[in-house]
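Printed here is structure_13.cif (mmCIF, C-alpha atoms (C1' of nucleotides)):
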```
data_work
loop_
_atom_site.label_atom_id
_atom_site.label_comp_id
_atom_site.auth_asym_id
_atom_site.auth_seq_id
_atom_site.Cartn_x
_atom_site.Cartn_y
_atom_site.Cartn_z
CA MET A 1 35.28 242.21 69.56
CA LYS A 2 35.77 245.94 69.45
CA ASN A 3 32.56 246.31 67.53
CA LYS A 4 30.75 244.32 70.14
CA GLU A 5 32.02 246.60 72.83
CA ILE A 6 30.67 249.66 71.05
CA TYR A 7 27.38 247.97 70.61
CA ARG A 8 27.15 247.32 74.30
CA ASP A 9 27.92 250.89 75.12
CA ASP A 10 25.21 252.16 72.86
CA ASN A 11 22.76 249.76 74.31
CA LYS A 12 23.55 250.85 77.83
CA ASP A 13 23.06 254.50 77.04
CA SER A 14 19.80 254.11 75.24
CA ARG A 15 18.51 251.97 78.05
CA VAL A 16 19.24 254.85 80.40
CA SER A 17 17.78 257.42 78.10
CA LEU A 18 14.69 255.30 77.56
CA SER A 19 14.13 254.97 81.30
CA ILE A 20 14.69 258.66 81.77
CA GLY A 21 12.15 259.34 79.06
CA ARG A 22 9.62 257.15 80.77
CA PHE A 23 10.29 258.75 84.10
CA ILE A 24 9.78 262.16 82.57
CA MET A 25 6.49 261.09 81.01
CA GLN A 26 5.34 259.84 84.36
CA LEU A 27 6.33 263.07 86.08
CA ARG A 28 4.50 265.00 83.39
CA ARG A 29 1.40 262.97 83.94
CA LEU A 30 1.47 263.68 87.62
CA GLU A 31 2.12 267.35 87.07
CA ARG A 32 -0.99 267.76 85.00
CA SER A 33 -3.77 266.81 87.31
CA PRO A 34 -5.50 269.01 89.87
CA ARG A 35 -5.97 267.30 93.16
CA SER A 36 -7.44 267.93 96.56
CA PHE A 37 -5.32 268.84 99.51
CA GLY A 38 -7.02 268.65 102.84
CA ALA A 39 -10.45 270.23 102.82
CA ALA A 40 -9.26 272.81 100.36
CA GLY A 41 -11.02 271.66 97.23
CA PRO A 42 -9.11 271.04 94.00
CA LEU A 43 -5.86 272.84 93.50
CA THR A 44 -3.84 272.90 90.31
CA PRO A 45 -0.24 271.74 90.39
CA GLY A 46 0.95 275.33 90.13
CA GLU A 47 -1.25 276.37 93.02
CA ILE A 48 -0.11 273.70 95.43
CA HIS A 49 3.52 274.22 94.46
CA THR A 50 3.15 277.86 95.26
CA ILE A 51 1.47 277.11 98.57
CA ALA A 52 4.27 274.70 99.38
CA ALA A 53 6.89 277.30 98.55
CA ILE A 54 5.17 279.87 100.75
CA GLY A 55 4.72 277.39 103.59
CA CYS A 56 8.43 276.56 103.54
CA LYS A 57 9.55 279.93 104.64
CA GLU A 58 7.91 282.22 107.12
CA GLY A 59 7.28 285.62 105.63
CA ILE A 60 8.55 285.05 102.12
CA LEU A 61 8.77 288.05 99.80
CA MET A 62 7.27 288.01 96.36
CA GLY A 63 10.64 288.13 94.67
CA GLU A 64 11.86 285.28 96.85
CA LEU A 65 8.80 283.30 95.93
CA ALA A 66 9.50 283.88 92.25
CA ALA A 67 13.10 282.75 92.71
CA ARG A 68 12.06 279.70 94.65
CA LEU A 69 9.58 278.68 91.98
CA GLY A 70 12.02 279.51 89.22
CA VAL A 71 9.60 281.87 87.46
CA THR A 72 9.35 285.58 86.75
CA LYS A 73 8.09 288.04 89.36
CA GLY A 74 5.07 288.60 87.12
CA ALA A 75 4.15 284.96 87.21
CA ALA A 76 4.58 284.78 90.96
CA THR A 77 2.40 287.86 91.43
CA GLN A 78 -0.34 286.43 89.26
CA MET A 79 -0.33 283.16 91.15
CA ALA A 80 -0.28 284.88 94.52
CA SER A 81 -3.20 287.06 93.42
CA ARG A 82 -5.15 284.04 92.43
CA LEU A 83 -4.46 282.24 95.68
CA GLU A 84 -5.38 285.37 97.60
CA VAL A 85 -8.73 285.53 95.85
CA LYS A 86 -9.26 281.87 96.72
CA GLY A 87 -8.39 282.59 100.32
CA PHE A 88 -5.17 280.57 100.61
CA VAL A 89 -2.69 283.40 101.09
CA ARG A 90 -2.45 286.95 102.36
CA ARG A 91 -0.33 289.74 100.99
CA ALA A 92 1.01 292.59 103.07
CA PRO A 93 3.60 295.31 102.58
CA ASP A 94 7.01 294.51 104.06
CA PRO A 95 7.75 296.83 107.02
CA ALA A 96 11.42 296.76 106.10
CA ASP A 97 11.00 297.83 102.46
CA ALA A 98 7.92 299.61 101.17
CA ARG A 99 8.40 298.22 97.70
CA ALA A 100 8.27 294.67 98.88
CA THR A 101 5.33 292.36 99.58
CA VAL A 102 5.24 289.69 102.25
CA ILE A 103 3.17 286.61 101.51
CA SER A 104 1.80 284.29 104.13
CA LEU A 105 -0.60 281.38 104.30
CA THR A 106 -4.09 281.75 105.68
CA GLN A 107 -5.58 279.03 107.84
CA THR A 108 -7.00 277.42 104.71
CA GLY A 109 -3.63 277.67 103.02
CA LEU A 110 -1.98 276.06 106.01
CA LEU A 111 -4.38 273.11 105.81
CA ALA A 112 -3.50 272.64 102.17
CA TYR A 113 0.17 272.96 102.95
CA GLN A 114 -0.01 270.35 105.68
CA ALA A 115 -1.91 267.98 103.46
CA HIS A 116 0.77 268.41 100.82
CA GLU A 117 3.46 267.73 103.38
CA GLU A 118 1.70 264.55 104.35
CA LEU A 119 1.62 263.50 100.73
CA HIS A 120 5.28 264.26 100.45
CA ARG A 121 5.96 262.14 103.51
CA ARG A 122 4.05 259.30 101.89
CA PHE A 123 6.14 259.70 98.77
CA CYS A 124 9.30 259.46 100.80
CA GLN A 125 8.03 256.32 102.41
CA LYS A 126 7.37 254.88 99.03
CA ILE A 127 10.92 255.60 98.02
CA SER A 128 12.06 253.94 101.20
CA ALA A 129 10.13 250.83 100.31
CA CYS A 130 11.55 250.76 96.77
CA LEU A 131 15.18 251.62 97.12
CA SER A 132 17.92 250.43 99.41
CA SER A 133 20.33 252.88 100.97
CA HIS A 134 22.96 251.96 98.46
CA GLU A 135 20.59 252.35 95.54
CA SER A 136 19.42 255.71 96.81
CA GLU A 137 22.95 256.96 97.02
CA ILE A 138 23.78 255.96 93.51
CA PHE A 139 20.46 257.22 92.22
CA VAL A 140 20.95 260.64 93.76
CA ASP A 141 24.46 260.75 92.42
CA CYS A 142 23.36 259.83 88.91
CA LEU A 143 20.46 262.25 88.92
CA ASP A 144 22.69 265.07 90.09
CA LYS A 145 25.20 264.27 87.40
CA LEU A 146 22.41 264.29 84.89
CA CYS A 147 21.23 267.68 86.10
CA GLU A 148 24.71 269.04 85.63
CA ALA A 149 24.91 267.56 82.17
CA LEU A 150 21.60 269.18 81.33
CA GLU A 151 22.97 272.57 82.31
CA GLU A 152 24.87 272.72 79.05
CA MET B 153 19.69 254.00 118.49
CA LYS B 154 16.42 253.13 116.95
CA ASN B 155 15.60 256.79 116.71
CA LYS B 156 18.87 257.40 114.99
CA GLU B 157 18.04 254.77 112.46
CA ILE B 158 14.80 256.47 111.60
CA TYR B 159 16.57 259.73 111.27
CA ARG B 160 18.98 258.25 108.78
CA ASP B 161 16.18 256.81 106.78
CA ASP B 162 14.39 260.10 106.55
CA ASN B 163 17.54 261.80 105.49
CA LYS B 164 18.09 259.28 102.73
CA ASP B 165 14.62 259.63 101.37
CA SER B 166 14.53 263.39 101.41
CA ARG B 167 17.87 263.40 99.65
CA VAL B 168 16.22 261.44 96.87
CA SER B 169 13.14 263.56 96.83
CA LEU B 170 15.24 266.71 96.82
CA SER B 171 17.22 265.47 93.83
CA ILE B 172 14.03 264.60 92.00
CA GLY B 173 12.73 268.05 92.77
CA ARG B 174 15.86 269.62 91.35
CA PHE B 175 15.62 267.42 88.30
CA ILE B 176 12.07 268.57 87.76
CA MET B 177 13.10 272.20 88.00
CA GLN B 178 15.83 271.60 85.46
CA LEU B 179 13.43 269.89 83.11
CA ARG B 180 11.04 272.76 83.48
CA ARG B 181 13.74 275.20 82.59
CA LEU B 182 14.69 273.25 79.51
CA GLU B 183 11.11 272.70 78.52
CA ARG B 184 10.44 276.39 78.41
CA SER B 185 12.83 277.56 75.79
CA PRO B 186 12.39 277.33 72.04
CA ARG B 187 15.51 276.24 70.26
CA SER B 188 16.79 275.76 66.75
CA PHE B 189 17.07 272.35 65.19
CA GLY B 190 19.00 272.20 61.98
CA ALA B 191 18.14 275.02 59.62
CA ALA B 192 14.56 274.91 60.76
CA GLY B 193 14.33 278.08 62.83
CA PRO B 194 13.10 278.07 66.41
CA LEU B 195 10.84 275.28 67.51
CA THR B 196 9.02 275.10 70.80
CA PRO B 197 9.54 272.05 73.01
CA GLY B 198 6.11 270.74 72.08
CA GLU B 199 6.87 271.13 68.40
CA ILE B 200 10.15 269.29 68.42
CA HIS B 201 8.75 266.54 70.61
CA THR B 202 5.96 266.05 68.13
CA ILE B 203 8.39 266.01 65.21
CA ALA B 204 10.47 263.44 67.08
CA ALA B 205 7.44 261.26 67.70
CA ILE B 206 6.45 261.42 64.03
CA GLY B 207 9.98 260.73 62.86
CA CYS B 208 10.18 257.64 65.03
CA LYS B 209 7.58 255.73 63.15
CA GLU B 210 6.95 255.74 59.43
CA GLY B 211 3.35 256.65 58.68
CA ILE B 212 2.09 257.23 62.16
CA LEU B 213 -1.65 257.79 62.61
CA MET B 214 -3.00 260.75 64.50
CA GLY B 215 -4.35 258.62 67.29
CA GLU B 216 -1.02 256.84 67.56
CA LEU B 217 0.73 260.16 67.74
CA ALA B 218 -1.58 261.24 70.55
CA ALA B 219 -0.88 258.02 72.44
CA ARG B 220 2.84 258.36 71.92
CA LEU B 221 2.87 261.91 73.22
CA GLY B 222 0.52 261.04 76.05
CA VAL B 223 -2.03 263.70 75.11
CA THR B 224 -5.57 263.81 73.77
CA LYS B 225 -6.33 263.39 70.08
CA GLY B 226 -7.46 267.00 70.04
CA ALA B 227 -4.09 268.20 71.28
CA ALA B 228 -2.27 266.04 68.75
CA THR B 229 -4.43 267.35 65.94
CA GLN B 230 -3.81 270.94 66.92
CA MET B 231 -0.07 270.44 67.07
CA ALA B 232 -0.02 268.58 63.76
CA SER B 233 -2.02 271.40 62.19
CA ARG B 234 0.44 273.91 63.43
CA LEU B 235 3.41 271.95 62.17
CA GLU B 236 1.69 271.47 58.82
CA VAL B 237 1.19 275.21 58.47
CA LYS B 238 4.88 275.68 59.29
CA GLY B 239 5.81 273.11 56.67
CA PHE B 240 7.25 270.41 58.93
CA VAL B 241 4.63 267.71 58.41
CA ARG B 242 2.08 266.48 55.91
CA ARG B 243 -1.29 264.96 56.64
CA ALA B 244 -3.01 262.47 54.36
CA PRO B 245 -6.00 260.14 54.68
CA ASP B 246 -5.09 256.57 55.56
CA PRO B 247 -5.88 254.23 52.63
CA ALA B 248 -6.78 251.48 55.08
CA ASP B 249 -9.31 253.48 57.08
CA ALA B 250 -11.02 256.58 55.74
CA ARG B 251 -11.49 258.00 59.20
CA ALA B 252 -7.79 257.95 59.94
CA THR B 253 -5.04 260.43 59.13
CA VAL B 254 -1.44 259.52 58.35
CA ILE B 255 1.20 262.03 59.37
CA SER B 256 4.63 262.23 57.86
CA LEU B 257 7.59 264.57 57.95
CA THR B 258 8.41 266.92 55.09
CA GLN B 259 12.00 267.49 54.07
CA THR B 260 12.15 270.39 56.50
CA GLY B 261 10.69 268.23 59.22
CA LEU B 262 13.23 265.55 58.51
CA LEU B 263 16.07 268.05 58.93
CA ALA B 264 14.68 269.09 62.27
CA TYR B 265 14.23 265.47 63.27
CA GLN B 266 17.78 264.59 62.35
CA ALA B 267 19.14 267.55 64.25
CA HIS B 268 17.17 266.47 67.28
CA GLU B 269 18.52 262.94 66.91
CA GLU B 270 22.04 264.31 66.84
CA LEU B 271 21.34 266.20 70.04
CA HIS B 272 19.99 263.05 71.57
CA ARG B 273 23.12 261.18 70.55
CA ARG B 274 25.22 263.84 72.19
CA PHE B 275 23.17 263.49 75.33
CA CYS B 276 23.73 259.74 75.36
CA GLN B 277 27.45 260.31 75.02
CA LYS B 278 27.34 262.67 77.90
CA ILE B 279 25.65 260.05 80.00
CA SER B 280 28.30 257.60 78.92
CA ALA B 281 31.00 259.93 80.11
CA CYS B 282 29.29 260.46 83.46
CA LEU B 283 28.10 257.08 84.55
CA SER B 284 29.81 253.74 84.84
CA SER B 285 28.11 250.58 83.63
CA HIS B 286 27.32 249.64 87.18
CA GLU B 287 25.85 253.05 87.97
CA SER B 288 23.76 252.99 84.83
CA GLU B 289 22.30 249.65 85.71
CA ILE B 290 21.30 250.72 89.18
CA PHE B 291 20.05 254.05 87.91
CA VAL B 292 17.80 252.41 85.35
CA ASP B 293 16.59 250.00 87.96
CA CYS B 294 15.73 252.82 90.36
CA LEU B 295 14.02 254.84 87.66
CA ASP B 296 11.87 251.89 86.68
CA LYS B 297 10.99 251.20 90.29
CA LEU B 298 10.04 254.81 90.89
CA CYS B 299 7.95 254.84 87.75
CA GLU B 300 5.96 251.92 89.03
CA ALA B 301 5.61 253.51 92.45
CA LEU B 302 4.38 256.68 90.82
CA GLU B 303 1.64 254.83 89.00
CA GLU B 304 -0.37 254.69 92.23
"C1'" DC C 305 20.76 317.81 98.65
"C1'" DA C 306 19.29 316.60 93.79
"C1'" DA C 307 19.60 313.73 89.92
"C1'" DC C 308 20.15 309.41 88.27
"C1'" DT C 309 20.00 304.40 88.51
"C1'" DA C 310 18.39 300.15 90.29
"C1'" DT C 311 14.84 297.45 92.29
"C1'" DA C 312 10.13 295.34 93.99
"C1'" DG C 313 5.92 294.43 92.61
"C1'" DT C 314 1.94 294.92 89.59
"C1'" DT C 315 -0.62 294.80 85.34
"C1'" DT C 316 -1.50 293.67 80.60
"C1'" DA C 317 -1.14 291.20 76.41
"C1'" DT C 318 0.37 287.18 74.45
"C1'" DA C 319 2.19 282.42 73.65
"C1'" DT C 320 2.33 277.51 74.56
"C1'" DG C 321 0.20 273.34 75.67
"C1'" DC C 322 -3.10 271.20 76.98
"C1'" DT C 323 -8.46 269.39 78.15
"C1'" DA C 324 -13.39 268.59 77.42
"C1'" DA C 325 -17.09 268.78 74.59
"C1'" DA C 326 -19.44 268.84 70.39
"C1'" DC C 327 -19.45 267.42 65.84
"C1'" DT C 328 -18.95 264.66 61.32
"C1'" DA C 329 -18.00 260.71 58.83
"C1'" DA C 330 -16.51 256.07 58.66
"C1'" DA C 331 -16.27 251.44 60.59
"C1'" DC C 332 -18.23 247.76 63.17
"C1'" DA C 333 -21.81 244.74 65.39
"C1'" DG C 334 -26.09 242.45 65.57
"C1'" DC D 335 -30.64 247.74 57.99
"C1'" DT D 336 -30.13 250.19 62.55
"C1'" DG D 337 -27.55 251.36 66.33
"C1'" DT D 338 -23.06 251.83 68.43
"C1'" DT D 339 -18.27 252.79 68.37
"C1'" DT D 340 -14.31 255.07 66.65
"C1'" DA D 341 -10.97 258.57 64.21
"C1'" DG D 342 -10.17 262.99 63.66
"C1'" DT D 343 -11.38 267.86 63.79
"C1'" DT D 344 -12.86 272.15 65.79
"C1'" DT D 345 -13.94 275.31 69.43
"C1'" DA D 346 -13.78 277.33 73.88
"C1'" DG D 347 -11.49 277.62 77.91
"C1'" DC D 348 -7.90 276.87 81.46
"C1'" DA D 349 -3.12 276.65 83.38
"C1'" DT D 350 1.29 278.51 83.31
"C1'" DA D 351 4.22 281.01 82.01
"C1'" DT D 352 6.96 285.45 79.46
"C1'" DA D 353 8.03 290.23 78.16
"C1'" DA D 354 7.09 294.79 78.50
"C1'" DA D 355 5.42 298.83 80.53
"C1'" DC D 356 4.47 301.10 84.61
"C1'" DT D 357 4.68 303.10 89.54
"C1'" DA D 358 6.83 303.78 93.70
"C1'" DT D 359 10.71 303.03 96.62
"C1'" DA D 360 15.57 302.44 97.66
"C1'" DG D 361 20.37 303.18 96.66
"C1'" DT D 362 24.30 305.66 94.55
"C1'" DT D 363 26.93 309.52 93.06
"C1'" DG D 364 28.61 314.17 92.85
#
```

What does this structure look like when you write it as structure tokens?
Amino acid sequence: MKNKEIYRDDNKDSRVSLSIGRFIMQLRRLERSPRSFGAAGPLTPGEIHTIAAIGCKEGILMGELAARLGVTKGAATQMASRLEVKGFVRRAPDPADARATVISLTQTGLLAYQAHEELHRRFCQKISACLSSHESEIFVDCLDKLCEALEE
Amino acid sequence: MKNKEIYRDDNKDSRVSLSIGRFIMQLRRLERSPRSFGAAGPLTPGEIHTIAAIGCKEGILMGELAARLGVTKGAATQMASRLEVKGFVRRAPDPADARATVISLTQTGLLAYQAHEELHRRFCQKISACLSSHESEIFVDCLDKLCEALEE
DNA sequence: CAACTATAGTTTATATGCTAAACTAAACAG
DNA sequence: CTGTTTAGTTTAGCATATAAACTATAGTTG
């Protein structure tokens, strides 16, 4: 009886961990492929994530961008440079602090940003179609708990 | 009233999408740092994942390894080469098919594998401590649903 | 005020983790 | 037997970072 209980616990946890593993694989798959956003031509995952982060906040500074993306300032600078060359963003000195750089989207960048937002909206709709309110709540709760657990 | 309903729906879905986003950031953070497994010295995420995939199945073929990891055969070969140089795996021709290569763990590789398994066990216990049976069930269900949705 | 420290961003070199393409040898099909 | 497919390997290149070194600016202290 007691043994059976332990068995069930183990089974439950590896079911969860298996599903998490699959979810992660799926996320990885999605994260790997360049795709088109608007009329902007193909953009790598990193590029569109950066555009999205810039589009979220008017007049973001380079250091803020780095923080938002969770990368080093060097990485953010390199990506911003690349997107500037491609015509998606503009860099300008910050009037309030001569050391700082303000990054903004060009018209092309804005198109890409908007296309990404639309995709995001579609994703949210998909979630809506899949999960009930109750499920969503529990899912968010579990995922947040998992994130906390992963902190250690 | 109807408008309010839509508002609530949007809020629900962006809660989910926000949590997923956070989860992804956390995964990224974890995926970036080499760590020690057993007495094996530091191993990159890719290395330990490959060791884990090899350890899972006795006498895995290179193509199977690639499939399991969700990468190209070329990528699998390169990683196996690297791990062979480091002494974690062995490569041998498959007796059943001269084109094929069988990959197995060395003693060092096995130590790393076992250490990773122990970590995995700890993770499962952590999940156990965090989530009730009911939560787990719903969580798994949601994850599986989202995986399917993400296929498109 | 000057000297020192901290900070923002940039640049460079390097590592990790892939992919595609080209190639070789073996297996399979007709 | 010939032609096609398949397994693995190798090479070149790309994406996405990091650390370190650097320059210029801002802040702090005496």

Can you spell out as a CSV table (one decimal) with C-alpha atoms (C1' of nucleotides), keeping the file's coordinate frame the set of residues that the PyMOL selection byres ((chain B and resi 184) around 10) selects in the structure I just provided?
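Wrote result.csv, looks like this:
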```csv
chain,number,residue,atom,x,y,z
B,179,LEU,CA,13.4,269.9,83.1
B,180,ARG,CA,11.0,272.8,83.5
B,181,ARG,CA,13.7,275.2,82.6
B,182,LEU,CA,14.7,273.2,79.5
B,183,GLU,CA,11.1,272.7,78.5
B,185,SER,CA,12.8,277.6,75.8
B,186,PRO,CA,12.4,277.3,72.0
B,187,ARG,CA,15.5,276.2,70.3
B,196,THR,CA,9.0,275.1,70.8
B,197,PRO,CA,9.5,272.0,73.0
B,198,GLY,CA,6.1,270.7,72.1
C,320,DT,C1',2.3,277.5,74.6
D,351,DA,C1',4.2,281.0,82.0
D,352,DT,C1',7.0,285.4,79.5
```

Once 8 Å is added on each side, what are the centre and the three edge lengths, in Å to one decimal, of the axis-aligned box enclosing the listed atoms of segment 313-324 of chain C? Present them as AutoDock Vina command-line options.
```
--center_x -3.7 --center_y 281.8 --center_z 83.1 --size_x 35.3 --size_y 42.3 --size_z 35.0
```

Counting all atoms listed in the file, a student should be able to say which residues of chain D come within 12 Å of chain A; what is the right answer, written as a PyMOL selection string? chain D and resi 348-354+357-360

Return the neighbours of chain A among the residues of chain B, cut-off 8 Å, counting only C-alpha atoms, as a short mmCIF file (atom, residue, chain, number, x, y, z; two decimals) with C-alpha atoms, in the frame of the given file.
```cif
data_model
loop_
_atom_site.label_atom_id
_atom_site.label_comp_id
_atom_site.auth_asym_id
_atom_site.auth_seq_id
_atom_site.Cartn_x
_atom_site.Cartn_y
_atom_site.Cartn_z
CA ASP B 161 16.18 256.81 106.78
CA ASP B 162 14.39 260.10 106.55
CA LYS B 164 18.09 259.28 102.73
CA ASP B 165 14.62 259.63 101.37
CA SER B 166 14.53 263.39 101.41
CA ARG B 167 17.87 263.40 99.65
CA VAL B 168 16.22 261.44 96.87
CA SER B 169 13.14 263.56 96.83
CA SER B 171 17.22 265.47 93.83
CA ILE B 172 14.03 264.60 92.00
CA ARG B 174 15.86 269.62 91.35
CA PHE B 175 15.62 267.42 88.30
CA MET B 177 13.10 272.20 88.00
CA GLN B 178 15.83 271.60 85.46
CA GLY B 222 0.52 261.04 76.05
CA CYS B 276 23.73 259.74 75.36
CA GLN B 277 27.45 260.31 75.02
CA LYS B 278 27.34 262.67 77.90
CA ILE B 279 25.65 260.05 80.00
CA SER B 280 28.30 257.60 78.92
CA CYS B 282 29.29 260.46 83.46
CA LEU B 283 28.10 257.08 84.55
CA SER B 285 28.11 250.58 83.63
CA GLU B 287 25.85 253.05 87.97
CA SER B 288 23.76 252.99 84.83
CA ILE B 290 21.30 250.72 89.18
CA PHE B 291 20.05 254.05 87.91
CA VAL B 292 17.80 252.41 85.35
CA CYS B 294 15.73 252.82 90.36
CA LEU B 295 14.02 254.84 87.66
CA ASP B 296 11.87 251.89 86.68
CA LYS B 297 10.99 251.20 90.29
CA LEU B 298 10.04 254.81 90.89
CA CYS B 299 7.95 254.84 87.75
CA ALA B 301 5.61 253.51 92.45
CA LEU B 302 4.38 256.68 90.82
CA GLU B 303 1.64 254.83 89.00
#
```

For the structure shown, which residues end up in the PyMOL selection byres ((chain C) within 10 of (chain B))? Put them as a PyMOL selection string, please? chain C and resi 320-324+329-331

Could you turn the residues from that selection into a file that holds C-alpha atoms (C1' of nucleotides), as a compact mmCIF listing (two decimals), keeping the file's coordinate frame?
```
# COMPACT_ATOMS: atom_id res chain seq x y z
C1' DT C 320 2.33 277.51 74.56
C1' DG C 321 0.20 273.34 75.67
C1' DC C 322 -3.10 271.20 76.98
C1' DT C 323 -8.46 269.39 78.15
C1' DA C 324 -13.39 268.59 77.42
C1' DA C 329 -18.00 260.71 58.83
C1' DA C 330 -16.51 256.07 58.66
C1' DA C 331 -16.27 251.44 60.59
```

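Pairwise distance (atom CA of Pro95 of chain A, atom CA of Glu117 of chain A) equals 29.6 Å.
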
Mind giving me the straight-line distance from atom CA of Thr101 of chain A to atom CA of Gly59 of chain A in Å, one decimal? 9.3 Å
